[in-house]
Each structure stands twice: as structure tokens, then as C-alpha cells.
>>> print(open('data_15.txt').read())   # compact mmCIF, C-alpha atoms and all ligand atoms
# COMPACT_ATOMS: atom_id res chain seq x y z
CA MET A 7 6.07 138.65 -125.84
CA PRO A 8 3.01 139.83 -127.78
CA GLU A 9 0.35 141.52 -125.69
CA GLN A 10 -2.43 139.14 -124.68
CA LEU A 11 -5.65 140.23 -126.40
CA PRO A 12 -8.78 140.07 -124.26
CA LEU A 13 -11.09 137.23 -125.17
CA ILE A 14 -14.14 138.36 -127.10
CA SER A 15 -16.97 136.50 -125.50
CA GLY A 16 -20.29 138.06 -126.38
CA ARG A 17 -22.77 138.84 -123.63
CA ILE A 18 -21.60 141.13 -120.87
CA ALA A 19 -23.08 142.23 -117.56
CA SER A 20 -20.92 145.13 -116.36
CA ARG A 21 -18.75 148.03 -117.55
CA ALA A 22 -15.56 146.11 -116.81
CA GLU A 23 -16.57 143.44 -119.34
CA ILE A 24 -17.04 145.90 -122.22
CA PRO A 25 -13.63 145.10 -123.76
CA ARG A 26 -14.87 141.50 -124.28
CA ALA A 27 -18.20 142.45 -125.86
CA GLY A 28 -18.66 140.64 -129.15
CA ARG A 29 -20.89 143.24 -130.75
CA ILE A 30 -21.24 146.89 -129.82
CA VAL A 31 -23.62 149.57 -131.12
CA VAL A 32 -22.36 153.10 -130.44
CA LYS A 33 -24.74 156.02 -130.88
CA VAL A 34 -23.53 159.60 -131.23
CA GLY A 35 -25.70 162.69 -131.51
CA SER A 36 -25.56 165.69 -133.83
CA SER A 37 -24.15 168.23 -131.39
CA SER A 38 -21.21 165.97 -130.48
CA ILE A 39 -19.78 165.65 -133.99
CA SER A 40 -20.84 168.71 -135.99
CA GLY A 41 -20.12 172.44 -136.02
CA ALA A 42 -17.53 173.38 -133.39
CA ASN A 43 -17.42 169.72 -132.32
CA ALA A 44 -16.59 168.27 -135.75
CA GLY A 45 -13.09 167.71 -134.33
CA GLN A 46 -14.53 165.06 -132.02
CA ILE A 47 -14.99 162.71 -134.99
CA ARG A 48 -11.30 161.75 -134.97
CA PRO A 49 -11.04 160.66 -131.30
CA LEU A 50 -14.41 158.92 -131.66
CA VAL A 51 -13.11 156.98 -134.65
CA ASP A 52 -9.84 156.21 -132.79
CA ALA A 53 -11.86 154.60 -129.99
CA LEU A 54 -14.12 152.67 -132.39
CA ALA A 55 -11.08 151.44 -134.34
CA THR A 56 -9.49 150.18 -131.10
CA ALA A 57 -12.60 148.16 -130.26
CA HIS A 58 -12.81 146.91 -133.85
CA GLY A 59 -9.11 146.00 -133.75
CA ARG A 60 -9.52 143.76 -130.72
CA GLY A 61 -12.20 141.79 -132.53
CA SER A 62 -15.50 143.36 -131.53
CA ASP A 63 -18.10 144.00 -134.22
CA VAL A 64 -18.78 147.74 -134.09
CA VAL A 65 -21.82 149.54 -135.50
CA LEU A 66 -21.99 153.34 -135.32
CA VAL A 67 -25.39 155.05 -135.30
CA SER A 68 -24.61 158.66 -136.08
CA SER A 69 -26.89 161.65 -136.37
CA GLY A 70 -25.51 164.93 -137.61
CA ALA A 71 -26.57 164.94 -141.25
CA ILE A 72 -28.77 168.01 -140.86
CA ALA A 73 -26.30 169.83 -138.64
CA THR A 74 -23.41 169.06 -141.00
CA GLY A 75 -25.41 170.14 -144.04
CA ILE A 76 -26.49 173.54 -142.67
CA PRO A 77 -23.37 175.53 -143.70
CA TYR A 78 -23.40 173.92 -147.16
CA LEU A 79 -26.90 175.32 -147.72
CA ARG A 80 -25.58 178.70 -146.55
CA LEU A 81 -27.96 178.72 -143.60
CA ASP A 82 -26.97 180.23 -140.26
CA SER A 83 -29.06 177.99 -138.08
CA ARG A 84 -31.09 174.79 -138.15
CA PRO A 85 -34.00 175.14 -140.61
CA THR A 86 -37.43 174.87 -139.07
CA ASP A 87 -39.34 173.46 -142.04
CA LEU A 88 -39.17 169.77 -142.76
CA ALA A 89 -38.31 170.05 -146.47
CA THR A 90 -35.21 172.17 -145.80
CA GLN A 91 -34.21 169.86 -142.94
CA GLN A 92 -34.43 166.95 -145.35
CA ALA A 93 -32.40 168.86 -147.95
CA ALA A 94 -29.77 169.65 -145.32
CA ALA A 95 -29.68 165.98 -144.32
CA ALA A 96 -29.19 164.85 -147.92
CA VAL A 97 -26.23 167.19 -148.31
CA GLY A 98 -24.81 166.69 -144.83
CA GLN A 99 -24.97 162.88 -144.82
CA ASN A 100 -22.55 162.79 -147.71
CA VAL A 101 -20.07 165.09 -145.96
CA LEU A 102 -20.46 163.25 -142.65
CA ILE A 103 -19.63 159.85 -144.14
CA TYR A 104 -16.64 161.36 -145.93
CA ARG A 105 -15.37 162.71 -142.59
CA TYR A 106 -15.77 159.34 -140.90
CA GLN A 107 -14.08 157.48 -143.75
CA ASP A 108 -11.22 159.97 -143.80
CA CYS A 109 -10.50 159.14 -140.13
CA LEU A 110 -11.06 155.39 -140.60
CA ASP A 111 -8.53 155.27 -143.46
CA ARG A 112 -5.61 155.37 -140.97
CA TYR A 113 -6.85 152.05 -139.60
CA GLU A 114 -7.64 150.58 -143.01
CA ILE A 115 -11.25 150.19 -141.90
CA VAL A 116 -14.00 150.71 -144.44
CA ALA A 117 -17.35 152.26 -143.50
CA GLY A 118 -20.67 151.08 -144.90
CA GLN A 119 -23.47 153.62 -145.04
CA VAL A 120 -26.81 152.21 -143.90
CA LEU A 121 -29.86 154.49 -144.01
CA LEU A 122 -32.89 153.04 -142.24
CA THR A 123 -36.25 154.06 -140.90
CA ALA A 124 -37.98 152.79 -137.81
CA GLY A 125 -40.74 151.60 -140.19
CA ASP A 126 -38.19 149.49 -142.09
CA LEU A 127 -37.40 147.69 -138.88
CA GLU A 128 -41.08 146.99 -138.25
CA ASN A 129 -41.77 145.66 -141.75
CA PRO A 130 -40.72 141.96 -141.75
CA VAL A 131 -39.37 141.97 -145.32
CA HIS A 132 -37.38 145.20 -144.92
CA ARG A 133 -36.22 144.08 -141.50
CA SER A 134 -34.84 140.80 -142.72
CA ASN A 135 -33.16 142.55 -145.66
CA ALA A 136 -31.53 145.02 -143.29
CA GLN A 137 -30.50 142.23 -140.92
CA ARG A 138 -28.93 140.18 -143.69
CA ALA A 139 -27.03 143.19 -145.02
CA MET A 140 -25.79 144.15 -141.54
CA GLU A 141 -24.62 140.61 -140.80
CA ARG A 142 -22.74 140.46 -144.06
CA LEU A 143 -21.15 143.87 -143.51
CA LEU A 144 -20.00 142.84 -140.03
CA GLY A 145 -18.79 139.49 -141.33
CA LEU A 146 -16.67 141.39 -143.85
CA ARG A 147 -15.27 143.53 -140.97
CA ILE A 148 -16.88 146.67 -142.40
CA LEU A 149 -17.94 149.33 -139.89
CA PRO A 150 -21.60 150.12 -140.63
CA ILE A 151 -22.59 153.74 -140.02
CA VAL A 152 -26.35 154.01 -139.62
CA ASN A 153 -28.56 157.09 -139.79
CA GLU A 154 -32.22 157.64 -140.34
CA ASN A 155 -33.16 157.83 -144.00
CA ASP A 156 -34.26 161.43 -143.61
CA THR A 157 -35.67 161.96 -147.09
CA VAL A 158 -38.35 159.33 -146.55
CA ALA A 159 -38.78 159.34 -142.78
CA THR A 160 -38.73 162.05 -140.22
CA HIS A 161 -39.32 160.38 -136.87
CA GLU A 162 -35.84 161.08 -135.54
CA ILE A 163 -35.78 164.61 -136.94
CA ARG A 164 -38.86 165.29 -134.88
CA PHE A 165 -38.47 163.08 -131.85
CA GLY A 166 -35.06 162.08 -130.82
CA ASP A 167 -31.85 162.46 -132.77
CA ASN A 168 -31.62 158.71 -133.50
CA ASP A 169 -31.89 157.47 -129.93
CA ARG A 170 -34.83 155.23 -130.80
CA LEU A 171 -33.23 154.12 -134.07
CA ALA A 172 -30.10 153.12 -132.12
CA SER A 173 -32.08 150.84 -129.84
CA LEU A 174 -33.90 149.27 -132.82
CA VAL A 175 -30.54 148.64 -134.51
CA THR A 176 -29.26 147.14 -131.25
CA GLN A 177 -32.15 144.66 -131.36
CA LEU A 178 -31.65 144.02 -135.07
CA VAL A 179 -28.01 142.95 -134.70
CA ARG A 180 -28.51 141.46 -131.20
CA ALA A 181 -25.69 143.60 -129.85
CA ASP A 182 -24.01 142.86 -126.52
CA LEU A 183 -23.82 146.54 -125.61
CA LEU A 184 -25.46 149.80 -126.63
CA LEU A 185 -23.20 152.77 -125.85
CA LEU A 186 -25.26 155.98 -125.96
CA LEU A 187 -22.97 159.00 -126.19
CA SER A 188 -24.15 162.51 -125.46
CA ASP A 189 -23.09 165.95 -124.30
CA VAL A 190 -23.52 164.94 -120.66
CA ASP A 191 -21.52 162.31 -118.80
CA ALA A 192 -24.42 160.45 -117.18
CA LEU A 193 -28.12 160.44 -116.46
CA TYR A 194 -28.82 162.91 -113.65
CA THR A 195 -31.64 163.02 -111.15
CA ARG A 196 -32.48 166.49 -112.48
CA PRO A 197 -31.15 168.43 -115.51
CA PRO A 198 -27.36 168.64 -114.97
CA GLY A 199 -26.30 172.00 -113.59
CA THR A 200 -29.53 172.55 -111.68
CA ALA A 201 -29.44 172.56 -107.89
CA GLY A 202 -29.41 169.11 -106.34
CA ALA A 203 -28.72 167.24 -109.61
CA ARG A 204 -26.89 163.97 -108.90
CA PRO A 205 -25.51 161.49 -111.43
CA ILE A 206 -27.13 158.04 -111.47
CA HIS A 207 -24.46 155.31 -111.60
CA HIS A 208 -26.62 152.26 -112.12
CA VAL A 209 -30.17 151.50 -113.22
CA ALA A 210 -31.37 148.00 -112.37
CA PHE A 211 -33.64 146.35 -114.93
CA GLY A 212 -37.22 147.45 -114.37
CA GLU A 213 -36.19 150.20 -111.93
CA ASP A 214 -38.73 152.98 -111.72
CA LEU A 215 -37.20 156.27 -112.92
CA ALA A 216 -40.34 158.28 -112.23
CA GLU A 217 -38.39 160.54 -109.85
CA VAL A 218 -35.96 161.62 -112.59
CA GLU A 219 -36.67 165.08 -114.03
CA PHE A 220 -35.77 165.34 -117.70
CA GLY A 221 -34.42 168.51 -119.30
CA ASP A 222 -34.49 169.68 -122.89
CA ILE A 223 -32.06 169.11 -125.75
CA GLY A 224 -28.31 169.61 -125.54
CA SER A 225 -26.68 173.02 -125.40
CA ALA A 226 -25.73 173.35 -129.07
CA GLY A 227 -29.36 173.18 -130.14
CA VAL A 228 -28.65 171.25 -133.33
CA GLY A 229 -29.94 167.87 -132.25
CA THR A 230 -33.35 166.81 -131.11
CA GLY A 231 -32.66 164.27 -128.35
CA GLY A 232 -32.48 164.78 -124.60
CA ALA A 233 -32.26 162.68 -121.47
CA GLY A 234 -35.87 161.54 -121.95
CA THR A 235 -35.29 159.99 -125.37
CA LYS A 236 -32.03 158.43 -124.12
CA VAL A 237 -33.78 156.75 -121.21
CA ALA A 238 -36.56 155.54 -123.53
CA ALA A 239 -33.95 154.10 -125.91
CA ALA A 240 -31.97 152.54 -123.05
CA THR A 241 -35.12 151.00 -121.60
CA LEU A 242 -36.08 149.51 -124.97
CA ALA A 243 -32.62 148.01 -125.54
CA ALA A 244 -32.41 146.72 -121.97
CA ALA A 245 -35.83 145.09 -122.29
CA SER A 246 -34.63 143.18 -125.36
CA GLY A 247 -31.61 141.85 -123.48
CA THR A 248 -28.83 144.34 -124.19
CA PRO A 249 -27.20 146.40 -121.41
CA VAL A 250 -26.70 150.09 -122.08
CA LEU A 251 -24.02 152.57 -121.02
CA LEU A 252 -24.81 156.27 -121.20
CA ALA A 253 -21.64 158.41 -121.25
CA ALA A 254 -20.15 161.60 -122.70
CA THR A 255 -18.82 161.55 -126.26
CA THR A 256 -15.50 162.87 -124.90
CA GLN A 257 -15.27 159.70 -122.77
CA VAL A 258 -15.80 157.18 -125.58
CA ALA A 259 -12.31 155.67 -125.32
CA ALA A 260 -12.59 155.18 -121.55
CA ALA A 261 -16.11 153.80 -121.93
CA LEU A 262 -14.98 151.19 -124.46
CA GLU A 263 -12.05 150.27 -122.20
CA GLY A 264 -14.48 149.45 -119.39
CA ALA A 265 -13.94 152.48 -117.14
CA ASP A 266 -16.31 153.02 -114.25
CA ILE A 267 -18.10 156.01 -115.79
CA GLY A 268 -21.54 157.06 -116.98
CA THR A 269 -24.87 155.39 -116.23
CA TRP A 270 -25.18 151.61 -116.64
CA PHE A 271 -28.58 150.07 -117.43
CA ASP A 272 -28.83 146.37 -116.65
CA ALA A 273 -30.45 144.21 -119.33
CA ALA A 274 -33.42 141.95 -118.88
CA PRO A 275 -32.55 138.27 -119.00
CA ARG A 276 -32.47 137.52 -122.74
CA ARG A 277 -34.81 134.93 -124.22
CA GLN A 278 -32.66 132.55 -126.29
N1 LIG A 301 -31.23 161.93 -138.91
C1 LIG A 301 -31.10 163.29 -138.47
C2 LIG A 301 -29.67 163.77 -138.70
O1 LIG A 301 -28.79 162.97 -138.80
C3 LIG A 301 -31.56 163.28 -137.07
C4 LIG A 301 -30.96 164.23 -136.15
C5 LIG A 301 -31.62 165.58 -135.98
O2 LIG A 301 -32.82 165.64 -135.83
O3 LIG A 301 -30.85 166.52 -135.95
O4 LIG A 301 -29.39 164.91 -138.84
>>> encode(input="data_15.txt", output="C-alpha cells", more="lines below")
Ligand code: GLU
Amino acid sequence: MPEQLPLISGRIASRAEIPRAGRIVVKVGSSSISGANAGQIRPLVDALATAHGRGSDVVLVSSGAIATGIPYLRLDSRPTDLATQQAAAAVGQNVLIYRYQDCLDRYEIVAGQVLLTAGDLENPVHRSNAQRAMERLLGLRILPIVNENDTVATHEIRFGDNDRLASLVTQLVRADLLLLLSDVDALYTRPPGTAGARPIHHVAFGEDLAEVEFGDIGSAGVGTGGAGTKVAAATLAAASGTPVLLAATTQVAAALEGADIGTWFDAAPRRQ
């Protein structure tokens, strides 16, 4: 007998319901998929393809253009000036999309590259253009891969490795889940590894996180996000009605299967 596929139903309220989410935005940061971690692209794509295959609409927000471009510009480390960062992004974005498409080919899934700025999503005309294009891409079963348009905007280069962009995209497509992937497996009460740091399993909507101490960027030093920008992004998405799961990139398959991992942020009741 053929395996019963889970029913795709749209809105979800817990980790266990993730396999039924109608529309999922997954955000991955630079350090998880570039340099020594470039090999994580394949298992990431395997997990996204599984979710796509069961009927969910999947949007990937991926940083990593600058980090991927660095060796092609024959630089040893991340450039500090904006112009060279933008040049690295222009070169690296091309390579990054090629790597994703190469892995997606096995599933006969086609990627669509979407480069946006936060400003685009605030401008009503640009926003509705982006929304229409995203809806059509998803309707065609394309897997949109979104990054900041680094040659014209630099917010995420400076402030957050696409965390904010991911929550704006989540609002744009009215996703049922935002999955924020990072180097760490959860939000911790203090920077992970420091004495007394405890993982936070659940954040109720509106819960005060003032007691949480945020650390700096991830260990590889190629991205610009940290726990603070992730919580800000999660709070923004949750406030617009989408629950958020924060988990490690290495756990993406388990996260999309509904495993009891990471930090879950409840959504505000959505205005219909
Ligand atoms: N859009 C940039 C990238 O993909 C942001 C990430 C960063 O600051 O490293 O590389």
C-alpha cells in the first residue's frame, strides 16, 4: 500500500505539526554553508527537497554570497571595506546558486534566484512586484532562494546576515513557519559554552527575554548575525502571525520532520 502522505494544512502551532505546514521559509547563515561547511549544502537541500516533495511550499533565504566569493577574489579573509564585500557577494552569489542547483537537480527541483532589499519590501510597488513573483514561483513549484541584493543594499552585510530579511520574506509570503538555522542548536540563556548557559525550549508570544544575554557572531567569523538578530527576526515574524523554530543547520532534517528540538517561538494570533 502506498505510504499515506501527511495532509498539508497551512497554519501550525507546534513543532509536531511542521510536516503539515503549507508554506515554510528556511533561513541559513553564511558560516553554515560556506568554507569548510560548504558540504552542508547537500544535506540541507535533501531536507528541503523532502518538505517540497510532501507538498509544502519552501522558500530558502540563504546568506553566504560574500563568504563564498572570498576565495574567488583570492582573499584570505572577509574583506572589511564595503566595496570589496559587495564585489565578493556579486561573485559568490553566482557560485552559491550553482551549488544549490547542483544538489537540487537530483530531485528535479528548479531554484529561482530572488535578490531583495529590506527597502524593496517597504516600498508598496516593489513589495507587490516581489509578492506576485514569489507567488508565481511557488505556484510553479520552483524553490525560491532569496538573498539580500548586496550591490544596492548593505543592511544585512552590516547588521545581521539576513535574519531580518528572512522575517520580512516570511511576512511577504505569509508563511506558516520560519525555520531559522544557525551554528547553535537553540537560544540559550547566556552565550552557549559559558557557565550556566541553558537552552530555552519555548518562548511564548510576548514573553520578555530581557534576562537573555546575547553573544557575538558565530565561530567561523564569516557571517554577521548572532543570537540577538535571530531573536529580533523571530519576534518580528511571530508578531505577524508566523511561529518560528530556531535550530542548528545540522538538524534541518529533524526540524522539518517535527522533532522536539531547538527553540520554538509561538506566533501572535494572526489577523485574517
Ligand atoms: N547578503 C550577504 C551574503 O550573503 C549577507 C551576509 C553577510 O553579511 O555575510 O553574503
>>> residues_near_ligand(input="data_15.txt", ligand="ligand LIG 301 (chain A)", cutoff="6 Å", atoms="all atoms listed in the file", output="PyMOL selection string")
chain A and resi 36+69-73+95+153-154+156+162-163+167-168+228-230
>>> atom_distance(input="data_15.txt", atom1="atom CA of Ile24 of chain A", atom2="atom CA of Asp111 of chain A")
24.7 Å
>>> residues_around(input="data_15.txt", residues="Ala238 of chain A", least_positions_apart="4", cutoff="9 Å", atoms="all atoms listed in the file", output="list in words")
Asp169, Arg170, Ala233, Gly234, Leu242 and Ala243 of chain A
>>> closest_residue(input="data_15.txt", among="A:Ile30, A:Val250, A:Ile39, A:Val65", to="Gly98 of chain A", atoms="all atoms listed in the file")
A:Ile39
>>> residues_around(input="data_15.txt", residues="Ala117 of chain A", least_positions_apart="4", cutoff="10 Å", atoms="only C-alpha atoms", output="number ranges by chain")
A: 65-66, 103-104, 106-108, 110-111, 143, 147-152
>>> closest_residue(input="data_15.txt", among="A:Asp63, A:Glu213, A:Asp189, A:Asp182", to="Pro249 of chain A", atoms="only C-alpha atoms")
A:Asp182
>>> residues_around(input="data_15.txt", residues="segment 122-130 of chain A", least_positions_apart="3", cutoff="10 Å", atoms="only C-alpha atoms", output="list in words")
Gln119, Arg133, Ser134, Asn135, Ala136, Gln137, Val152, Asn153, Glu154, Asn155, Asp156, Val158, Ala159, Thr160, His161, Glu162, Asn168, Arg170, Leu171, Ala172, Leu174, Val175, Gln177 and Leu178 of chain A
